[in-house]
file entry-v7.pdb (PDB, C-alpha atoms)
ATOM      1  CA  MET W   3       0.000   0.000   0.000  1.00  0.00           C
ATOM      2  CA  GLU W   4       2.842   2.413   0.921  1.00  0.00           C
ATOM      3  CA  SER W   5       4.664   1.769  -2.358  1.00  0.00           C
ATOM      4  CA  ASN W   6       1.484   2.453  -4.300  1.00  0.00           C
ATOM      5  CA  LEU W   7       1.011   5.876  -2.690  1.00  0.00           C
ATOM      6  CA  GLY W   8       4.473   7.297  -3.377  1.00  0.00           C
ATOM      7  CA  PHE W   9       5.314  10.441  -5.301  1.00  0.00           C
ATOM      8  CA  ALA W  10       5.555   8.542  -8.598  1.00  0.00           C
ATOM      9  CA  HIS W  11       2.004   7.309  -8.051  1.00  0.00           C
ATOM     10  CA  PHE W  12       0.921  10.870  -7.320  1.00  0.00           C
ATOM     11  CA  ILE W  13       2.429  12.093 -10.593  1.00  0.00           C
ATOM     12  CA  SER W  14       0.811   9.299 -12.566  1.00  0.00           C
ATOM     13  CA  GLN W  15      -2.591  10.080 -11.074  1.00  0.00           C
ATOM     14  CA  CYS W  16      -2.421  13.834 -11.755  1.00  0.00           C
ATOM     15  CA  ASP W  17      -4.530  15.173 -14.578  1.00  0.00           C
ATOM     16  CA  ALA W  18      -3.416  17.852 -17.055  1.00  0.00           C
ATOM     17  CA  VAL W  19      -4.323  20.650 -14.643  1.00  0.00           C
ATOM     18  CA  GLY W  20      -2.341  19.105 -11.801  1.00  0.00           C
ATOM     19  CA  ARG W  21       0.708  18.538 -13.977  1.00  0.00           C
ATOM     20  CA  GLY W  22       0.417  22.080 -15.302  1.00  0.00           C
ATOM     21  CA  VAL W  23       0.393  23.425 -11.741  1.00  0.00           C
ATOM     22  CA  LEU W  24       3.470  21.366 -10.870  1.00  0.00           C
ATOM     23  CA  PHE W  25       5.234  22.577 -14.005  1.00  0.00           C
ATOM     24  CA  VAL W  26       4.555  26.237 -13.135  1.00  0.00           C
ATOM     25  CA  LEU W  27       5.781  25.699  -9.576  1.00  0.00           C
ATOM     26  CA  LEU W  28       8.893  23.972 -10.899  1.00  0.00           C
ATOM     27  CA  LEU W  29       9.651  26.919 -13.189  1.00  0.00           C
ATOM     28  CA  LEU W  30       9.182  29.390 -10.325  1.00  0.00           C
ATOM     29  CA  SER W  31      11.425  27.302  -8.088  1.00  0.00           C
ATOM     30  CA  VAL W  32      14.214  26.994 -10.674  1.00  0.00           C
ATOM     31  CA  ALA W  33      14.072  30.717 -11.474  1.00  0.00           C
ATOM     32  CA  SER W  34      14.081  31.641  -7.775  1.00  0.00           C
ATOM     33  CA  TRP W  35      17.033  29.440  -6.846  1.00  0.00           C
ATOM     34  CA  TYR W  36      18.996  30.559  -9.895  1.00  0.00           C
ATOM     35  CA  LEU W  37      18.558  34.196  -8.846  1.00  0.00           C
ATOM     36  CA  ILE W  38      19.244  33.431  -5.189  1.00  0.00           C
ATOM     37  CA  VAL W  39      22.556  31.716  -5.946  1.00  0.00           C
ATOM     38  CA  THR W  40      23.772  34.090  -8.670  1.00  0.00           C
ATOM     39  CA  LYS W  41      22.807  37.280  -6.812  1.00  0.00           C
ATOM     40  CA  ALA W  42      24.355  36.026  -3.563  1.00  0.00           C
ATOM     41  CA  ILE W  43      27.650  35.326  -5.347  1.00  0.00           C
ATOM     42  CA  ALA W  44      27.519  38.634  -7.238  1.00  0.00           C
ATOM     43  CA  ASN W  45      26.786  40.604  -4.055  1.00  0.00           C
ATOM     44  CA  PHE W  46      29.642  38.895  -2.208  1.00  0.00           C
ATOM     45  CA  ASN W  47      32.110  39.659  -5.003  1.00  0.00           C
ATOM     46  CA  ALA W  48      30.842  43.244  -5.327  1.00  0.00           C
ATOM     47  CA  LYS W  49      31.338  43.906  -1.612  1.00  0.00           C
ATOM     48  CA  LYS W  50      34.801  42.368  -1.700  1.00  0.00           C
ATOM     49  CA  ARG W  51      35.887  44.553  -4.636  1.00  0.00           C
ATOM     50  CA  ALA W  52      34.268  47.656  -3.141  1.00  0.00           C
ATOM     51  CA  ASP W  53      35.999  47.195   0.222  1.00  0.00           C
ATOM     52  CA  ALA W  54      39.359  46.803  -1.520  1.00  0.00           C
ATOM     53  CA  PHE W  55      38.776  49.916  -3.618  1.00  0.00           C
ATOM     54  CA  LEU W  56      37.623  52.091  -0.706  1.00  0.00           C
ATOM     55  CA  LYS W  57      40.702  51.098   1.279  1.00  0.00           C
ATOM     56  CA  GLN W  58      42.896  52.033  -1.682  1.00  0.00           C
ATOM     57  CA  PHE W  59      40.990  55.273  -2.276  1.00  0.00           C
ATOM     58  CA  TRP W  60      41.346  56.613   1.252  1.00  0.00           C
ATOM     59  CA  GLU W  61      45.025  55.672   1.319  1.00  0.00           C
ATOM     60  CA  ALA W  62      45.788  57.572  -1.916  1.00  0.00           C
ATOM     61  CA  ASN W  63      47.898  60.718  -1.649  1.00  0.00           C
ATOM     62  CA  SER W  64      45.723  62.804  -3.954  1.00  0.00           C
ATOM     63  CA  LEU W  65      42.748  62.625  -6.271  1.00  0.00           C
ATOM     64  CA  SER W  66      45.050  62.856  -9.296  1.00  0.00           C
ATOM     65  CA  ASP W  67      46.929  59.769  -8.112  1.00  0.00           C
ATOM     66  CA  MET W  68      43.639  58.002  -7.623  1.00  0.00           C
ATOM     67  CA  GLN W  69      42.512  58.933 -11.133  1.00  0.00           C
ATOM     68  CA  LYS W  70      45.690  57.459 -12.634  1.00  0.00           C
ATOM     69  CA  THR W  71      45.059  54.255 -10.727  1.00  0.00           C
ATOM     70  CA  LEU W  72      41.460  54.105 -11.922  1.00  0.00           C
ATOM     71  CA  ASN W  73      42.485  54.672 -15.538  1.00  0.00           C
ATOM     72  CA  THR W  74      44.903  51.738 -15.433  1.00  0.00           C
ATOM     73  CA  SER W  75      42.963  49.370 -13.184  1.00  0.00           C
ATOM     74  CA  PRO W  76      40.755  46.762 -14.936  1.00  0.00           C
ATOM     75  CA  ASP W  77      38.802  46.050 -11.761  1.00  0.00           C
ATOM     76  CA  SER W  78      35.402  47.709 -11.688  1.00  0.00           C
ATOM     77  CA  ASN W  79      32.730  48.153  -9.049  1.00  0.00           C
ATOM     78  CA  ALA W  80      30.002  50.639  -8.202  1.00  0.00           C
ATOM     79  CA  PHE W  81      32.297  52.800  -6.052  1.00  0.00           C
ATOM     80  CA  SER W  82      35.211  52.890  -8.494  1.00  0.00           C
ATOM     81  CA  ASP W  83      32.877  53.670 -11.399  1.00  0.00           C
ATOM     82  CA  LEU W  84      31.337  56.544  -9.443  1.00  0.00           C
ATOM     83  CA  ALA W  85      34.763  57.862  -8.467  1.00  0.00           C
ATOM     84  CA  LYS W  86      35.992  57.664 -12.067  1.00  0.00           C
ATOM     85  CA  GLN W  87      32.989  59.618 -13.349  1.00  0.00           C
ATOM     86  CA  ALA W  88      33.443  62.275 -10.660  1.00  0.00           C
ATOM     87  CA  LEU W  89      37.188  62.585 -11.249  1.00  0.00           C
ATOM     88  CA  ASP W  90      36.627  62.879 -15.002  1.00  0.00           C
ATOM     89  CA  VAL W  91      34.377  65.856 -14.254  1.00  0.00           C
ATOM     90  CA  ASN W  92      37.070  67.328 -12.033  1.00  0.00           C
ATOM     91  CA  SER W  93      39.771  66.936 -14.688  1.00  0.00           C
ATOM     92  CA  GLY W  94      37.603  68.355 -17.471  1.00  0.00           C
ATOM     93  CA  ASN W  95      37.430  65.144 -19.519  1.00  0.00           C
ATOM     94  CA  GLN W  96      34.079  65.903 -21.102  1.00  0.00           C
ATOM     95  CA  ARG W  97      33.024  65.502 -24.700  1.00  0.00           C
ATOM     96  CA  GLY W  98      30.338  67.016 -26.884  1.00  0.00           C
ATOM     97  CA  ALA W  99      27.130  67.697 -24.993  1.00  0.00           C
ATOM     98  CA  GLU W 100      28.883  66.963 -21.697  1.00  0.00           C
ATOM     99  CA  LYS W 101      30.977  70.100 -22.162  1.00  0.00           C
ATOM    100  CA  LEU W 102      27.836  72.160 -22.600  1.00  0.00           C
ATOM    101  CA  LEU W 103      26.393  70.704 -19.394  1.00  0.00           C
ATOM    102  CA  ALA W 104      29.627  71.346 -17.503  1.00  0.00           C
ATOM    103  CA  ALA W 105      29.694  74.942 -18.783  1.00  0.00           C
ATOM    104  CA  GLY W 106      26.630  75.663 -16.658  1.00  0.00           C
ATOM    105  CA  GLY W 107      28.672  75.116 -13.499  1.00  0.00           C
ATOM    106  CA  ILE W 108      31.004  72.331 -12.402  1.00  0.00           C
ATOM    107  CA  SER W 109      29.283  71.928  -9.040  1.00  0.00           C
ATOM    108  CA  GLU W 110      25.878  71.440 -10.576  1.00  0.00           C
ATOM    109  CA  TYR W 111      27.220  69.116 -13.266  1.00  0.00           C
ATOM    110  CA  LEU W 112      29.083  67.032 -10.682  1.00  0.00           C
ATOM    111  CA  THR W 113      25.897  66.641  -8.646  1.00  0.00           C
ATOM    112  CA  ARG W 114      24.069  65.430 -11.744  1.00  0.00           C
ATOM    113  CA  VAL W 115      26.827  62.937 -12.608  1.00  0.00           C
ATOM    114  CA  LEU W 116      26.926  61.512  -9.098  1.00  0.00           C
ATOM    115  CA  ARG W 117      23.137  61.226  -8.922  1.00  0.00           C
ATOM    116  CA  ASN W 118      22.993  59.495 -12.310  1.00  0.00           C
ATOM    117  CA  GLY W 119      25.674  57.046 -11.205  1.00  0.00           C
ATOM    118  CA  ILE W 120      23.718  56.156  -8.072  1.00  0.00           C
ATOM    119  CA  ASP W 121      20.502  55.791 -10.060  1.00  0.00           C
ATOM    120  CA  GLN W 122      22.190  53.432 -12.531  1.00  0.00           C
ATOM    121  CA  GLU W 123      23.490  51.285  -9.695  1.00  0.00           C
ATOM    122  CA  ALA W 124      20.044  51.268  -8.075  1.00  0.00           C
ATOM    123  CA  THR W 125      18.588  49.999 -11.347  1.00  0.00           C
ATOM    124  CA  GLY W 126      21.251  47.308 -11.595  1.00  0.00           C
ATOM    125  CA  VAL W 127      20.816  45.902  -8.100  1.00  0.00           C
ATOM    126  CA  GLU W 128      17.051  45.591  -8.652  1.00  0.00           C
ATOM    127  CA  TYR W 129      17.670  42.871 -11.254  1.00  0.00           C
ATOM    128  CA  GLY W 130      15.761  39.686 -10.437  1.00  0.00           C
ATOM    129  CA  LEU W 131      13.842  41.044  -7.466  1.00  0.00           C
ATOM    130  CA  THR W 132      10.600  41.179  -9.450  1.00  0.00           C
ATOM    131  CA  VAL W 133      10.872  37.456 -10.188  1.00  0.00           C
ATOM    132  CA  LEU W 134      11.533  36.647  -6.530  1.00  0.00           C
ATOM    133  CA  ALA W 135       8.633  38.820  -5.407  1.00  0.00           C
ATOM    134  CA  SER W 136       6.337  37.211  -7.979  1.00  0.00           C
ATOM    135  CA  ALA W 137       7.389  33.701  -6.965  1.00  0.00           C
ATOM    136  CA  GLY W 138       6.936  34.477  -3.286  1.00  0.00           C
ATOM    137  CA  SER W 139       3.477  35.946  -3.747  1.00  0.00           C
ATOM    138  CA  ALA W 140       2.116  33.721  -6.525  1.00  0.00           C
ATOM    139  CA  ALA W 141       3.443  30.267  -5.617  1.00  0.00           C
ATOM    140  CA  PRO W 142       1.096  29.705  -2.621  1.00  0.00           C
ATOM    141  CA  PHE W 143      -1.909  30.579  -4.758  1.00  0.00           C
ATOM    142  CA  VAL W 144      -0.730  28.357  -7.601  1.00  0.00           C
ATOM    143  CA  GLY W 145      -0.345  25.547  -5.074  1.00  0.00           C
ATOM    144  CA  LEU W 146      -3.769  26.371  -3.680  1.00  0.00           C
ATOM    145  CA  PHE W 147      -5.216  26.007  -7.165  1.00  0.00           C
ATOM    146  CA  GLY W 148      -3.774  22.487  -7.271  1.00  0.00           C
ATOM    147  CA  THR W 149      -5.143  21.851  -3.783  1.00  0.00           C
ATOM    148  CA  VAL W 150      -8.643  22.716  -4.962  1.00  0.00           C
ATOM    149  CA  GLY W 151      -8.196  20.291  -7.849  1.00  0.00           C
ATOM    150  CA  GLY W 152      -7.165  17.513  -5.441  1.00  0.00           C
ATOM    151  CA  ILE W 153     -10.164  18.115  -3.200  1.00  0.00           C
ATOM    152  CA  TYR W 154     -12.434  18.120  -6.240  1.00  0.00           C
ATOM    153  CA  HIS W 155     -11.054  14.739  -7.294  1.00  0.00           C
ATOM    154  CA  ALA W 156     -11.651  13.388  -3.775  1.00  0.00           C
ATOM    155  CA  LEU W 157     -15.276  14.523  -3.914  1.00  0.00           C
ATOM    156  CA  VAL W 158     -15.689  12.944  -7.342  1.00  0.00           C
ATOM    157  CA  GLN W 159     -14.322   9.638  -6.029  1.00  0.00           C
ATOM    158  CA  ILE W 160     -16.720   9.731  -3.090  1.00  0.00           C
ATOM    159  CA  GLY W 161     -19.632  10.529  -5.383  1.00  0.00           C
ATOM    160  CA  MET W 162     -18.810   7.727  -7.797  1.00  0.00           C
ATOM    161  CA  SER W 163     -18.269   5.091  -5.124  1.00  0.00           C
ATOM    162  CA  GLY W 164     -20.997   6.261  -2.766  1.00  0.00           C
ATOM    163  CA  GLN W 165     -18.656   5.943   0.217  1.00  0.00           C
ATOM    164  CA  GLY W 166     -15.719   7.901   1.561  1.00  0.00           C
ATOM    165  CA  THR W 167     -13.353   5.026   2.269  1.00  0.00           C
ATOM    166  CA  LEU W 168      -9.630   5.657   2.626  1.00  0.00           C
ATOM    167  CA  ASP W 169      -8.663   3.885  -0.575  1.00  0.00           C
ATOM    168  CA  LYS W 170     -10.994   6.143  -2.542  1.00  0.00           C
ATOM    169  CA  VAL W 171      -9.890   9.515  -1.140  1.00  0.00           C
ATOM    170  CA  ALA W 172      -6.261   8.901  -0.121  1.00  0.00           C
ATOM    171  CA  GLY W 173      -4.882   9.681  -3.597  1.00  0.00           C
ATOM    172  CA  PRO W 174      -6.825  12.915  -4.261  1.00  0.00           C
ATOM    173  CA  VAL W 175      -6.344  14.174  -0.698  1.00  0.00           C
ATOM    174  CA  GLY W 176      -2.636  13.374  -0.925  1.00  0.00           C
ATOM    175  CA  GLU W 177      -2.534  15.328  -4.192  1.00  0.00           C
ATOM    176  CA  ALA W 178      -4.144  18.324  -2.488  1.00  0.00           C
ATOM    177  CA  LEU W 179      -1.663  18.241   0.398  1.00  0.00           C
ATOM    178  CA  ILE W 180       1.330  17.852  -1.883  1.00  0.00           C
ATOM    179  CA  MET W 181       0.235  20.804  -4.002  1.00  0.00           C
ATOM    180  CA  THR W 182      -0.020  22.958  -0.890  1.00  0.00           C
ATOM    181  CA  ALA W 183       3.395  21.828   0.357  1.00  0.00           C
ATOM    182  CA  VAL W 184       5.084  22.419  -3.011  1.00  0.00           C
ATOM    183  CA  GLY W 185       3.586  25.912  -3.256  1.00  0.00           C
ATOM    184  CA  LEU W 186       4.925  26.809   0.188  1.00  0.00           C
ATOM    185  CA  ALA W 187       8.310  25.219  -0.566  1.00  0.00           C
ATOM    186  CA  VAL W 188       8.647  27.507  -3.586  1.00  0.00           C
ATOM    187  CA  ALA W 189       7.331  30.645  -1.894  1.00  0.00           C
ATOM    188  CA  ILE W 190       9.219  30.620   1.426  1.00  0.00           C
ATOM    189  CA  PRO W 191      12.804  30.718   0.020  1.00  0.00           C
ATOM    190  CA  ALA W 192      11.764  33.341  -2.537  1.00  0.00           C
ATOM    191  CA  VAL W 193      10.262  35.615   0.133  1.00  0.00           C
ATOM    192  CA  LEU W 194      13.247  35.232   2.466  1.00  0.00           C
ATOM    193  CA  ALA W 195      15.681  35.929  -0.369  1.00  0.00           C
ATOM    194  CA  TYR W 196      13.690  38.938  -1.554  1.00  0.00           C
ATOM    195  CA  ASN W 197      13.709  40.472   1.933  1.00  0.00           C
ATOM    196  CA  SER W 198      17.422  39.774   2.338  1.00  0.00           C
ATOM    197  CA  PHE W 199      18.388  41.253  -1.033  1.00  0.00           C
ATOM    198  CA  THR W 200      16.144  44.276  -0.504  1.00  0.00           C
ATOM    199  CA  ARG W 201      17.831  45.034   2.813  1.00  0.00           C
ATOM    200  CA  ARG W 202      21.277  44.540   1.294  1.00  0.00           C
ATOM    201  CA  ASN W 203      20.442  46.873  -1.595  1.00  0.00           C
ATOM    202  CA  ARG W 204      19.167  49.551   0.787  1.00  0.00           C
ATOM    203  CA  LEU W 205      22.396  49.451   2.818  1.00  0.00           C
ATOM    204  CA  TRP W 206      24.547  49.263  -0.321  1.00  0.00           C
ATOM    205  CA  LEU W 207      22.940  52.308  -1.918  1.00  0.00           C
ATOM    206  CA  ALA W 208      23.122  54.235   1.355  1.00  0.00           C
ATOM    207  CA  GLN W 209      26.854  53.516   1.489  1.00  0.00           C
ATOM    208  CA  LEU W 210      27.227  54.556  -2.144  1.00  0.00           C
ATOM    209  CA  ASP W 211      25.291  57.757  -1.458  1.00  0.00           C
ATOM    210  CA  ASN W 212      27.588  58.577   1.468  1.00  0.00           C
ATOM    211  CA  PHE W 213      30.609  57.990  -0.745  1.00  0.00           C
ATOM    212  CA  ALA W 214      29.114  60.311  -3.365  1.00  0.00           C
ATOM    213  CA  HIS W 215      28.791  63.063  -0.739  1.00  0.00           C
ATOM    214  CA  ASP W 216      32.444  62.533   0.224  1.00  0.00           C
ATOM    215  CA  LEU W 217      33.485  62.727  -3.430  1.00  0.00           C
ATOM    216  CA  TYR W 218      31.528  65.916  -3.901  1.00  0.00           C
ATOM    217  CA  ALA W 219      33.124  67.507  -0.844  1.00  0.00           C
ATOM    218  CA  LEU W 220      36.639  66.443  -1.850  1.00  0.00           C
ATOM    219  CA  ILE W 221      36.307  67.739  -5.396  1.00  0.00           C
ATOM    220  CA  THR W 222      34.502  71.004  -4.661  1.00  0.00           C
ATOM    221  CA  LEU W 223      36.440  71.922  -1.507  1.00  0.00           C
ATOM    222  CA  GLY W 224      39.850  70.878  -2.721  1.00  0.00           C
ATOM    223  CA  ASP W 225      42.076  67.943  -3.556  1.00  0.00           C
ATOM    224  CA  LYS W 226      42.525  65.259  -0.923  1.00  0.00           C
ATOM    225  CA  LYS W 227      45.915  65.239   0.694  1.00  0.00           C
ATOM    226  CA  ALA W 228      47.532  62.335   2.501  1.00  0.00           C
TER     227      ALA W 228
END

call {"tool": "encode", "arguments": {"input": "entry-v7.pdb", "output": "structure tokens"}}
result
Amino acid sequence: MESNLGFAHFISQCDAVGRGVLFVLLLLSVASWYLIVTKAIANFNAKKRADAFLKQFWEANSLSDMQKTLNTSPDSNAFSDLAKQALDVNSGNQRGAEKLLAAGGISEYLTRVLRNGIDQEATGVEYGLTVLASAGSAAPFVGLFGTVGGIYHALVQIGMSGQGTLDKVAGPVGEALIMTAVGLAVAIPAVLAYNSFTRRNRLWLAQLDNFAHDLYALITLGDKKA
């Protein structure tokens, strides 16, 4: 009896709707875990590169020395990119329309460049969060849809047999419970990851914003000395 009520038996007994629900949940799960793993690795590497750059930046003797290092360094991160853009403004390395914008006032142009850099990073770190949010919010309801189908099948079995014996309802009820469990198994990691990444992004952008203020002060008030 136990071997006949395993997961393989459950799959074989599912109708097209049940298999469709499982397929959707599988897609959401694969997409969620792919984003969780790749974003976690990317965030770890980004923090490691940013910490190394900030240490190098604050140990530099001057902004001109730092600009030379940035121009020759292949390593790139949100903080080094922002610093390079700001230092290019400071050194007058503008082209075309950028020169016209800078002509209106270096302070105002620098503010615009720094703000655009932060906005671009904010857009980049949002990648994948919509999928995680969708998986976390939709998966329980998709599983619930499968649960309703399982209960419906149990009622059909009872109606056809005229009695609610265990052998008649065990399969459909098991299907309903499995659908609920799978929906929750997909949703819970997605919600936890979404909350974790959202908090990390908020702290990351706040740190980047603070660095932008420091850059602005260093460039507008004078070159940084050792």

call {"tool": "residues_around", "arguments": {"input": "entry-v7.pdb", "residues": "region 131-143 of chain W", "least_positions_apart": "6", "cutoff": "10 Å", "atoms": "all atoms listed in the file", "output": "short mmCIF file (atom, residue, chain, number, x, y, z; two decimals) with C-alpha atoms, keeping the file's coordinate frame"}}
result
data_model
loop_
_atom_site.label_atom_id
_atom_site.label_comp_id
_atom_site.auth_asym_id
_atom_site.auth_seq_id
_atom_site.Cartn_x
_atom_site.Cartn_y
_atom_site.Cartn_z
CA VAL W 23 0.39 23.42 -11.74
CA VAL W 26 4.56 26.24 -13.14
CA LEU W 27 5.78 25.70 -9.58
CA LEU W 28 8.89 23.97 -10.90
CA LEU W 29 9.65 26.92 -13.19
CA LEU W 30 9.18 29.39 -10.32
CA SER W 31 11.42 27.30 -8.09
CA ALA W 33 14.07 30.72 -11.47
CA SER W 34 14.08 31.64 -7.78
CA TRP W 35 17.03 29.44 -6.85
CA LEU W 37 18.56 34.20 -8.85
CA ILE W 38 19.24 33.43 -5.19
CA LYS W 41 22.81 37.28 -6.81
CA THR W 149 -5.14 21.85 -3.78
CA MET W 181 0.24 20.80 -4.00
CA THR W 182 -0.02 22.96 -0.89
CA ALA W 183 3.40 21.83 0.36
CA VAL W 184 5.08 22.42 -3.01
CA GLY W 185 3.59 25.91 -3.26
CA LEU W 186 4.92 26.81 0.19
CA ALA W 187 8.31 25.22 -0.57
CA VAL W 188 8.65 27.51 -3.59
CA ALA W 189 7.33 30.64 -1.89
CA ILE W 190 9.22 30.62 1.43
CA PRO W 191 12.80 30.72 0.02
CA ALA W 192 11.76 33.34 -2.54
CA VAL W 193 10.26 35.62 0.13
CA LEU W 194 13.25 35.23 2.47
CA ALA W 195 15.68 35.93 -0.37
CA TYR W 196 13.69 38.94 -1.55
CA ASN W 197 13.71 40.47 1.93
CA PHE W 199 18.39 41.25 -1.03
CA THR W 200 16.14 44.28 -0.50
#

call {"tool": "residues_around", "arguments": {"input": "entry-v7.pdb", "residues": "region 121-127 of chain W", "least_positions_apart": "5", "cutoff": "12 Å", "atoms": "only C-alpha atoms", "output": "number ranges by chain"}}
result
W: 37, 41-42, 44-45, 48, 79-84, 114-116, 132, 196, 199-211, 214

call {"tool": "resolve_selection", "arguments": {"input": "entry-v7.pdb", "expression": "the PyMOL selection byres ((chain W and resi 61-75) around 12)", "output": "JSON, numbers by chain"}}
result
{"W": [54, 55, 56, 57, 58, 59, 60, 76, 77, 78, 79, 81, 82, 83, 84, 85, 86, 87, 88, 89, 90, 91, 92, 93, 95, 217, 218, 220, 221, 222, 224, 225, 226, 227, 228]}

call {"tool": "atom_distance", "arguments": {"input": "entry-v7.pdb", "atom1": "CA of Asn47 (chain W)", "atom2": "CA of Asn118 (chain W)"}}
result
23.0 Å

call {"tool": "atom_distance", "arguments": {"input": "entry-v7.pdb", "atom1": "CA of Gly119 (chain W)", "atom2": "CA of Phe213 (chain W)"}}
result
11.6 Å

call {"tool": "atom_distance", "arguments": {"input": "entry-v7.pdb", "atom1": "CA of Val32 (chain W)", "atom2": "CA of Ser198 (chain W)"}}
result
18.5 Å

call {"tool": "closest_residue", "arguments": {"input": "entry-v7.pdb", "among": "W:Leu24, W:Glu128, W:Ile120, W:Thr40", "to": "Leu146 (chain W)", "atoms": "all atoms listed in the file"}}
result
W:Leu24
